[in-house]
>>> print(open('upload.txt').read())   # compact mmCIF, C-alpha atoms
# COMPACT_ATOMS: atom_id res chain seq x y z
CA MET A 236 17.32 -41.74 -151.92
CA SER A 237 20.09 -40.23 -153.80
CA LYS A 238 20.16 -40.16 -157.53
CA SER A 239 23.46 -40.31 -159.30
CA LYS A 240 23.87 -37.85 -162.07
CA LYS A 241 25.10 -39.12 -165.39
CA ASN A 242 27.64 -37.11 -167.27
CA THR A 243 25.65 -35.56 -170.15
CA ARG A 244 28.45 -33.48 -171.59
CA PRO A 245 29.68 -34.59 -175.02
CA ALA A 246 33.14 -36.08 -175.17
CA LYS A 247 35.87 -33.73 -176.36
CA MET A 248 36.95 -34.28 -179.93
CA ASN A 249 40.60 -34.59 -180.64
CA PRO A 250 41.51 -31.56 -182.82
CA ARG A 251 43.95 -33.66 -184.83
CA MET A 252 41.20 -36.14 -185.70
CA LEU A 253 38.94 -33.28 -186.77
CA TRP A 254 41.63 -31.94 -189.13
CA MET A 255 42.26 -35.40 -190.57
CA GLY A 256 38.54 -35.93 -191.21
CA ALA A 257 38.22 -32.52 -192.86
CA ALA A 258 41.26 -33.24 -195.04
CA ALA A 259 39.77 -36.57 -196.11
CA VAL A 260 36.52 -34.86 -197.12
CA VAL A 261 38.45 -32.27 -199.16
CA VAL A 262 40.40 -35.01 -200.96
CA VAL A 263 37.21 -36.91 -201.84
CA ILE A 264 35.52 -33.77 -203.15
CA ALA A 265 38.60 -32.85 -205.21
CA ALA A 266 38.68 -36.35 -206.71
CA LEU A 267 35.01 -36.13 -207.66
CA VAL A 268 35.54 -32.74 -209.29
CA VAL A 269 38.41 -34.14 -211.37
CA ILE A 270 36.37 -37.18 -212.44
CA ILE A 271 33.33 -35.09 -213.39
CA ALA A 272 35.44 -32.50 -215.21
CA SER A 273 37.15 -35.20 -217.28
CA GLN A 274 33.83 -36.49 -218.63
CA PRO A 275 32.83 -35.30 -222.11
CA ALA A 276 30.40 -32.40 -222.19
CA ALA A 277 28.12 -34.17 -224.67
CA ALA A 278 25.25 -36.24 -223.46
CA THR A 279 25.83 -39.95 -223.42
CA THR A 280 23.69 -42.90 -224.26
CA ALA A 281 24.17 -46.35 -222.91
CA ALA A 282 26.72 -46.99 -225.62
CA GLY A 283 28.07 -43.79 -226.97
CA LEU A 284 28.07 -40.03 -227.12
CA LYS A 285 25.26 -38.04 -228.62
CA ILE A 286 26.21 -35.66 -231.41
CA THR A 287 24.04 -32.84 -232.72
CA PRO A 288 23.46 -32.29 -236.44
CA ALA A 289 25.46 -29.04 -236.24
CA ASP A 290 28.38 -30.77 -234.49
CA TYR A 291 28.29 -33.58 -237.07
CA GLN A 292 28.51 -30.98 -239.84
CA THR A 293 31.45 -29.26 -238.13
CA GLN A 294 33.41 -32.31 -236.99
CA PHE A 295 32.88 -34.68 -239.92
CA VAL A 296 31.29 -33.17 -243.03
CA SER A 297 33.31 -29.96 -243.23
CA THR A 298 36.59 -31.62 -242.20
CA GLY A 299 36.22 -34.78 -244.26
CA ALA A 300 37.10 -36.85 -241.18
CA PRO A 301 36.72 -40.57 -241.94
CA HIS A 302 33.54 -42.08 -240.57
CA LEU A 303 30.58 -44.27 -241.44
CA LEU A 304 27.17 -42.63 -241.33
CA LEU A 305 24.78 -45.46 -240.50
CA ASP A 306 21.02 -45.15 -241.04
CA VAL A 307 19.34 -47.90 -239.00
CA ARG A 308 15.81 -47.34 -240.30
CA THR A 309 14.00 -49.76 -242.59
CA PRO A 310 14.90 -49.79 -246.31
CA GLU A 311 11.51 -48.19 -247.06
CA GLU A 312 12.23 -45.31 -244.68
CA PHE A 313 15.71 -44.91 -246.15
CA VAL A 314 14.34 -44.61 -249.71
CA SER A 315 11.84 -41.97 -248.58
CA GLY A 316 14.73 -39.66 -247.59
CA HIS A 317 18.15 -40.04 -245.99
CA ILE A 318 21.27 -38.07 -245.17
CA ARG A 319 23.73 -37.91 -248.05
CA GLY A 320 26.47 -40.52 -247.77
CA SER A 321 24.68 -42.74 -245.28
CA VAL A 322 24.61 -46.52 -245.43
CA ASN A 323 21.37 -48.31 -244.58
CA ILE A 324 21.37 -51.32 -242.28
CA ALA A 325 18.11 -51.72 -240.39
CA VAL A 326 18.57 -52.10 -236.64
CA GLU A 327 16.85 -55.49 -236.85
CA GLU A 328 19.65 -56.74 -239.18
CA LEU A 329 22.55 -55.00 -237.50
CA GLU A 330 23.94 -57.92 -235.47
CA GLN A 331 24.03 -60.16 -238.56
CA ARG A 332 25.74 -57.47 -240.67
CA LEU A 333 28.45 -56.23 -238.30
CA SER A 334 31.13 -57.34 -240.79
CA GLU A 335 30.00 -54.45 -243.03
CA ILE A 336 30.83 -51.87 -240.38
CA PRO A 337 34.48 -50.79 -240.03
CA ARG A 338 36.02 -50.97 -236.58
CA ASP A 339 38.82 -48.52 -237.32
CA GLN A 340 36.75 -45.37 -237.80
CA MET A 341 33.95 -43.43 -236.17
CA VAL A 342 30.42 -44.79 -236.68
CA ILE A 343 27.69 -42.15 -236.60
CA VAL A 344 24.25 -43.73 -236.12
CA TYR A 345 20.83 -42.23 -236.83
CA CYS A 346 17.21 -43.31 -237.28
CA ARG A 347 13.90 -41.41 -237.40
CA SER A 348 13.46 -40.15 -233.85
CA GLY A 349 16.49 -41.42 -231.92
CA ARG A 350 15.22 -44.59 -230.26
CA ARG A 351 16.55 -47.10 -232.78
CA SER A 352 19.87 -45.26 -233.07
CA GLU A 353 20.27 -45.66 -229.31
CA ILE A 354 19.53 -49.39 -229.62
CA ALA A 355 21.97 -49.68 -232.54
CA SER A 356 24.66 -47.86 -230.54
CA GLY A 357 24.18 -50.43 -227.78
CA ILE A 358 24.50 -53.31 -230.24
CA LEU A 359 27.72 -51.84 -231.64
CA SER A 360 29.14 -51.23 -228.18
CA THR A 361 28.33 -54.78 -227.08
CA ALA A 362 30.08 -56.04 -230.22
CA GLY A 363 33.25 -54.18 -229.21
CA TYR A 364 32.97 -50.98 -231.23
CA THR A 365 34.41 -48.05 -229.33
CA GLN A 366 34.04 -45.14 -231.76
CA ILE A 367 30.28 -44.54 -231.79
CA ARG A 368 28.28 -41.31 -231.93
CA ASP A 369 24.48 -41.21 -231.81
CA LEU A 370 23.11 -38.53 -234.14
CA GLY A 371 19.60 -39.30 -232.97
CA GLY A 372 16.81 -38.89 -235.49
CA ILE A 373 16.61 -37.58 -239.01
CA ASN A 374 13.67 -35.50 -237.74
CA ALA A 375 16.11 -33.30 -235.78
CA TRP A 376 18.31 -33.11 -238.89
CA ILE A 377 15.39 -31.85 -240.99
CA ASP A 378 14.27 -29.49 -238.20
CA ALA A 379 17.78 -27.98 -238.30
CA GLY A 380 17.21 -27.16 -241.98
CA LEU A 381 19.74 -29.70 -243.26
CA PRO A 382 19.20 -31.49 -246.57
CA VAL A 383 18.08 -35.05 -247.22
CA GLU A 384 18.14 -36.97 -250.49
>>> encode(input="upload.txt", output="structure tokens")
Amino acid sequence: MSKSKKNTRPAKMNPRMLWMGAAAVVVVIAALVVIIASQPAAATTAAGLKITPADYQTQFVSTGAPHLLLDVRTPEEFVSGHIRGSVNIAVEELEQRLSEIPRDQMVIVYCRSGRRSEIASGILSTAGYTQIRDLGGINAWIDAGLPVE
């Protein structure tokens, strides 16, 4: 009985195909690098960019750049202490009071810890607002040594 041997050597790769595949990989990697590099450095929420208290001071307070500082805590929390110049609309009322929020300027949102400001940013984004920054919580503001009234 004779056994036939099967060819177990791998097929030769066409060098041109190898170069084309390598070039395609390089193009994909370069495209990903460009996309990632074009993204803002700040962290993002589902609806907008996060902004730190220090960056808010630099970009808006010290420059006088037009914006609305929106406190989305309850009226009771607002009265107990808030950031100077902020407007209070509780997150639970936000959808019904969107007409009070300008669409032509930046809206900076904050709450106590950051959870409700994230929700409020999502509500604004869903309603078509595009200039939204999430300041997070007033707790971080106070921890940074910034004043409240």
>>> atom_distance(input="upload.txt", atom1="atom CA of A:Thr287", atom2="atom CA of A:Thr361")
23.1 Å
>>> atom_distance(input="upload.txt", atom1="atom CA of A:Gln366", atom2="atom CA of A:Asp339")
8.1 Å
>>> atom_distance(input="upload.txt", atom1="atom CA of A:Leu370", atom2="atom CA of A:Tyr345")
5.1 Å
>>> residues_around(input="upload.txt", residues="stretch 315-332 of chain A", least_positions_apart="5", cutoff="9 Å", atoms="only C-alpha atoms", output="mmCIF file with C-alpha atoms, keeping the file's coordinate frame")
data_model
loop_
_atom_site.group_PDB
_atom_site.id
_atom_site.type_symbol
_atom_site.label_atom_id
_atom_site.label_comp_id
_atom_site.auth_asym_id
_atom_site.auth_seq_id
_atom_site.Cartn_x
_atom_site.Cartn_y
_atom_site.Cartn_z
ATOM 1 C CA LEU A 303 30.580 -44.270 -241.440
ATOM 2 C CA LEU A 304 27.170 -42.630 -241.330
ATOM 3 C CA LEU A 305 24.780 -45.460 -240.500
ATOM 4 C CA ASP A 306 21.020 -45.150 -241.040
ATOM 5 C CA VAL A 307 19.340 -47.900 -239.000
ATOM 6 C CA ARG A 308 15.810 -47.340 -240.300
ATOM 7 C CA THR A 309 14.000 -49.760 -242.590
ATOM 8 C CA PRO A 310 14.900 -49.790 -246.310
ATOM 9 C CA CYS A 346 17.210 -43.310 -237.280
ATOM 10 C CA ARG A 351 16.550 -47.100 -232.780
ATOM 11 C CA SER A 352 19.870 -45.260 -233.070
ATOM 12 C CA ILE A 354 19.530 -49.390 -229.620
ATOM 13 C CA ALA A 355 21.970 -49.680 -232.540
ATOM 14 C CA ILE A 358 24.500 -53.310 -230.240
ATOM 15 C CA LEU A 359 27.720 -51.840 -231.640
ATOM 16 C CA ALA A 362 30.080 -56.040 -230.220
ATOM 17 C CA ILE A 373 16.610 -37.580 -239.010
ATOM 18 C CA TRP A 376 18.310 -33.110 -238.890
ATOM 19 C CA LEU A 381 19.740 -29.700 -243.260
ATOM 20 C CA PRO A 382 19.200 -31.490 -246.570
ATOM 21 C CA VAL A 383 18.080 -35.050 -247.220
ATOM 22 C CA GLU A 384 18.140 -36.970 -250.490
#
>>> closest_residue(input="upload.txt", among="A:Ser348, A:Gly363, A:Ile343, A:Gly256", to="A:Ala300", atoms="only C-alpha atoms")
A:Ile343
>>> axis_aligned_box(input="upload.txt", around="stretch 343-357 of chain A", padding_each_side="6 Å", output="JSON")
{"center_x": 20.6, "center_y": -45.3, "center_z": -232.6, "size_x": 26.2, "size_y": 22.3, "size_z": 21.6}
>>> closest_residue(input="upload.txt", among="A:Pro250, A:Asp290, A:Gly349, A:Gln340", to="A:Asn374", atoms="only C-alpha atoms")
A:Gly349
